[in-house]
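**Q** Submitted below is the structure of interest, expressed as structure tokens.
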Amino acid sequence: MILGISVDEDFVYVSNNLDETIVEIPFAIGRNLVNNNWFIGDEARIENVDNTDIVIDKLYYLLENDGNAKIGDANFDAKALTRIFMNNLFLRYSDIEFVTIVVRNNNIKILSKLLGALKDNFDDPNMYKVTTYSEAFISYIKSKDSSYYDNPIALFDFTEKALTYYELIRYRAEDRTEYWKVNKKEHLSLPLDLLSGETGKKVCDNLLCEFAKECIKEVAYNNIILSGVGFKDASSYREFMTFVCSVTEVDTDINFFAKSATLLSKDILNDNFNTDVVLISDARTEIALRVYARVSPNEEYVELVEPGSEWLNINNYAFNVIADDEKEIKFEYLKVIEGVIKDFTVPIPGSNMLRKDKTNEFEVSLTFTQQNFLQVTITDRGFGEFYEPTFENLPPMEIQL
Amino acid sequence: MAIIYCGKTKNNSYYIKEADLHIKSMQELAYFIFNYAILISNSFITKNLIVYMDKTLGFTKLASDINEMYNKKENLASILTHILLNSNYYNEDEVYKFRLELLELLSLPANEYIHKAGDKLFNLKKYEKAITQYSKIMKEDDIALRNLAFCYAKLQFYDIAADYLGKLYHRTGNIEDLREAYYSLKLGGNVNKIYEYESNISDELLADWEYEIVSRIIKVRRSDELRNIEEIFLMGQDRVKENISTRIKIWKEKYRYIG
């Protein structure tokens, strides 16, 4: 059996490849102090009449805060409790071939602890993967026909406490490699219990609608996906639904991420998981790019791409320089998160056979073809109406950063 | 030393009417001032130029300085020098050299000044503007008269060019001027007019000139430029149309002020 598990603040959703069922398990763990048996989910939440059980609800928050819980005479840290939770969960399924767990909001802290819990449960590291909502989102979209994702896809995930908006965009670089970028753009605090009354529903609908209008303005979307338990009852958000349906096609799948995690598991098992696909996550892409030049009266590094820019957006970024006897252009590349600085130079072609002093103007065009590959193209621009271009342009140079 | 950073290509250009030129960067503006100061009059600095420097080229501080100098009616040389010094193009030594040359230019006699202005325009291929300058001094300046004829020839007004060369021949008696007139008439298709400039011209001389014309035609037929044009025709209709359209655009630019 292949499992796909989505974890959010309150629930663990388990999907499998054999049927369409989704099991919702509260992310809670308990222990009976008499017989020392562990139990998870709803079993842990059953009212404890004789005070023999200790229940840890909201395991997610315990994990996030690196907390401890005293159960009986022993202290358990959150990681140990999660390992036991997962162990109990997997006991419910037989012949597990592969498990993928995805975590709400791409929470790296929770992801790393879940990975630890899986390591303890499985001897074979090829039997599991822990990843982000983003990667599951991509796996789901890639299971569709490519016309489904010609344009960006929007996703609203409405869980117990909040509504989160994601946007997925596919890029194709010049070498035809696919790149996917998931922006988690906005987050709206919206408690689900607001939907219990008619007034609350109206308020919720208005908030949803305003939020959606703000998020998806000025972009042509292929599809809008509604996921999360908050979208279970369509009658609670009529105005919102009318609005999003007026924008494009809408798919509602309240267990979207658990199902996507199963799809991702399948892809990995079937060797369809394309390792060339680069997921653009913020931590890996923030860069800065500068060129050393004279900006009167000083010589200094001129910022071309401001810190925090994403490499994928640097496509045909062009600027002009005048050689003024220089034979090469000096650049500085900075990966902001990693704090890595790299210098590199690009020769100016044919600079010894050009025009009068100070009229050798070039256009320098920069394009990232892959994450660490910068393509630099230098074109002779002549010099305004004074001089026509005088040398043939060389093919683009590729710099590995 | 380092390369000079010019920023992104600007979409908007600024038209310099004195030279019929469009510039798109501070460096081009500085280059024009440095090399073509002789074409610059007091009307060169305008509010439009100051706004262009500020809003399009992004030289806000410099634009503000120039605006102040302009309002205080400071002399043109000081304003031009200030632009050059702050243009991210010329260094102090080069600007010092510019000032010396500017002083030298301003001390030239009027005719010589006009002649040099005509030459600068001729070098810029702004023949119609050069015609205006050379026309002012053609009565007393043989070289200006010859250049005036060449300007018309460049604009393919071969008969007018021939007439000016004929006039020059009458003034100088130099057979070379008559030969140039003959070539112009040949290009214009009216060679018999040569007898209006010189009724006693010998058949041998005309034969020599004809021979030279044929030699030049053969040379042209073997030239790279002609080969390029032929290659364009082999590349198909689209390339031909593209080149014709470029050529027409250039002609339109050239003839904008004629007639």
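Every chain in the structure tokens has a letter given in the order shown (A, B, ...), and although residue numbers restart at 1 in each chain, ligands are simply numbered from 1 in the order shown.
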Output the contact residues of chain B with respect to chain A at a cut-off of 12 Å, based on only C-alpha atoms, as a VMD selection string.
**A** chain B and resid 1 to 10 13 to 16 19 to 32 34 to 36 59 62 83 to 92 94 120 to 121 123 to 126 250 253
**Q** Using DSSP assignments from the backbone, pull out every residue in segment 18-151 of chain A that falls under helix (DSSP H, G or I) and give it to me as a ChimeraX atom specification.
**A** /A:42-45,59-64,78-91,104-106,108-121,125-127,133-142,146-149
**Q** Taking C-alpha atoms for each residue, export the selection above as a PDB file, in the first residue's frame.
**A**
ATOM      1  CA  ASP A  42     -10.118  10.340  18.290  1.00  0.00           C
ATOM      2  CA  GLU A  43      -9.290   7.494  20.637  1.00  0.00           C
ATOM      3  CA  ALA A  44      -7.068   9.863  22.532  1.00  0.00           C
ATOM      4  CA  ARG A  45      -9.791  12.510  22.629  1.00  0.00           C
ATOM      5  CA  LEU A  59       0.898  17.655  19.036  1.00  0.00           C
ATOM      6  CA  TYR A  60       1.706  20.006  16.174  1.00  0.00           C
ATOM      7  CA  TYR A  61       2.234  22.945  18.529  1.00  0.00           C
ATOM      8  CA  LEU A  62       4.311  20.824  20.882  1.00  0.00           C
ATOM      9  CA  LEU A  63       6.538  19.930  17.942  1.00  0.00           C
ATOM     10  CA  GLU A  64       6.768  23.493  16.756  1.00  0.00           C
ATOM     11  CA  ALA A  78       7.616  16.141  21.095  1.00  0.00           C
ATOM     12  CA  LYS A  79       9.779  14.192  18.693  1.00  0.00           C
ATOM     13  CA  ALA A  80       9.422  10.976  20.709  1.00  0.00           C
ATOM     14  CA  LEU A  81       5.649  11.453  20.926  1.00  0.00           C
ATOM     15  CA  THR A  82       5.440  12.023  17.170  1.00  0.00           C
ATOM     16  CA  ARG A  83       7.438   8.839  16.560  1.00  0.00           C
ATOM     17  CA  ILE A  84       4.966   6.916  18.691  1.00  0.00           C
ATOM     18  CA  PHE A  85       2.035   8.621  16.955  1.00  0.00           C
ATOM     19  CA  MET A  86       3.367   7.604  13.551  1.00  0.00           C
ATOM     20  CA  ASN A  87       4.134   4.096  14.740  1.00  0.00           C
ATOM     21  CA  ASN A  88       0.533   3.715  15.918  1.00  0.00           C
ATOM     22  CA  LEU A  89      -0.751   5.164  12.681  1.00  0.00           C
ATOM     23  CA  PHE A  90       1.261   2.789  10.493  1.00  0.00           C
ATOM     24  CA  LEU A  91       0.041  -0.194  12.513  1.00  0.00           C
ATOM     25  CA  ARG A 104       1.063  22.630   5.992  1.00  0.00           C
ATOM     26  CA  ASN A 105       2.671  25.967   5.184  1.00  0.00           C
ATOM     27  CA  ASN A 106       5.906  24.200   4.226  1.00  0.00           C
ATOM     28  CA  ILE A 108      10.579  23.333   7.835  1.00  0.00           C
ATOM     29  CA  LYS A 109      10.728  22.760  11.621  1.00  0.00           C
ATOM     30  CA  ILE A 110       7.850  20.293  11.592  1.00  0.00           C
ATOM     31  CA  LEU A 111       9.167  18.682   8.405  1.00  0.00           C
ATOM     32  CA  SER A 112      12.538  17.886   9.953  1.00  0.00           C
ATOM     33  CA  LYS A 113      10.952  16.341  13.055  1.00  0.00           C
ATOM     34  CA  LEU A 114       8.577  14.217  11.030  1.00  0.00           C
ATOM     35  CA  LEU A 115      11.533  13.007   9.007  1.00  0.00           C
ATOM     36  CA  GLY A 116      13.153  11.900  12.280  1.00  0.00           C
ATOM     37  CA  ALA A 117       9.951  10.073  13.256  1.00  0.00           C
ATOM     38  CA  LEU A 118       9.901   8.233   9.919  1.00  0.00           C
ATOM     39  CA  LYS A 119      13.544   7.238  10.247  1.00  0.00           C
ATOM     40  CA  ASP A 120      12.672   5.564  13.513  1.00  0.00           C
ATOM     41  CA  ASN A 121       9.723   3.746  11.964  1.00  0.00           C
ATOM     42  CA  PRO A 125      15.257   5.185   3.795  1.00  0.00           C
ATOM     43  CA  ASN A 126      13.842   4.515   0.317  1.00  0.00           C
ATOM     44  CA  MET A 127      10.406   3.910   1.806  1.00  0.00           C
ATOM     45  CA  TYR A 133       2.854  21.290   0.428  1.00  0.00           C
ATOM     46  CA  SER A 134       4.474  22.933  -2.571  1.00  0.00           C
ATOM     47  CA  GLU A 135       6.030  19.738  -3.895  1.00  0.00           C
ATOM     48  CA  ALA A 136       2.774  17.818  -3.410  1.00  0.00           C
ATOM     49  CA  PHE A 137       0.949  20.635  -5.185  1.00  0.00           C
ATOM     50  CA  ILE A 138       3.280  20.252  -8.169  1.00  0.00           C
ATOM     51  CA  SER A 139       2.879  16.463  -8.194  1.00  0.00           C
ATOM     52  CA  TYR A 140      -0.885  16.826  -8.317  1.00  0.00           C
ATOM     53  CA  ILE A 141      -0.778  19.366 -11.139  1.00  0.00           C
ATOM     54  CA  LYS A 142       1.728  17.303 -13.136  1.00  0.00           C
ATOM     55  CA  SER A 146      -0.276  20.018 -19.585  1.00  0.00           C
ATOM     56  CA  SER A 147      -3.074  22.276 -20.859  1.00  0.00           C
ATOM     57  CA  TYR A 148      -4.325  22.245 -17.260  1.00  0.00           C
ATOM     58  CA  TYR A 149      -1.316  24.274 -16.156  1.00  0.00           C
TER      59      TYR A 149
END
**Q** Pick out the closest residue to Pro396 of chain A from this set: A:Val346, A:Cys209, A:Ile254, A:Met241. Count only C-alpha atoms.
**A**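 That would be A:Val346, the residue with the smallest distance to Pro396 of chain A.
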**Q** Write out as a list in words each polymer residue whose atoms come within 8 Å of Ala162 of chain B, counting only C-alpha atoms; drop sequence neighbours fewer than 3 positions from it.
**A**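 So, after excluding close chain neighbours, the residues are Ala149, Tyr158, Asp159, Leu165, Gly166, Glu180, Ala181, Tyr182, Ser184 and Leu185 of chain B.
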**Q** Which distance in Å separates atom CA of Glu97 of chain A and atom CA of Asp19 of chain A, to one decimal?
**A**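 According to the coordinates, atom CA of Glu97 of chain A and atom CA of Asp19 of chain A are separated by 15.4 Å.
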**Q** Any idea what the distance is between atom CA of Tyr113 of chain B and atom CA of Asp93 of chain B?
**A**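 One can read the atom CA of Tyr113 of chain B to atom CA of Asp93 of chain B distance as 24.9 Å.
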**Q** Residues near segment 205-215 of chain B, anyone? I mean within 9 Å using only C-alpha atoms, not counting same-chain ones fewer than 5 positions away, as a list in words.
**A**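 Returned residues: Arg179, Tyr182, Tyr183, Lys186 and Val220 of chain B.
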**Q** Generate the output file for the selected residues, C-alpha atoms, as a PDB file, in the first residue's frame.
**A**
ATOM      1  CA  ARG B 179      35.935  65.667 -63.786  1.00  0.00           C
ATOM      2  CA  TYR B 182      31.176  64.925 -65.210  1.00  0.00           C
ATOM      3  CA  TYR B 183      30.835  61.990 -62.812  1.00  0.00           C
ATOM      4  CA  LYS B 186      26.866  60.649 -65.447  1.00  0.00           C
ATOM      5  CA  VAL B 220      31.614  47.970 -57.269  1.00  0.00           C
TER       6      VAL B 220
END
**Q** Smallest atom-to-atom distance to Asn36 of chain A: which of A:Met1, A:Ala74, A:Leu207, A:Asn313, using only C-alpha atoms?
**A**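 The closest residue to Asn36 of chain A is A:Ala74.
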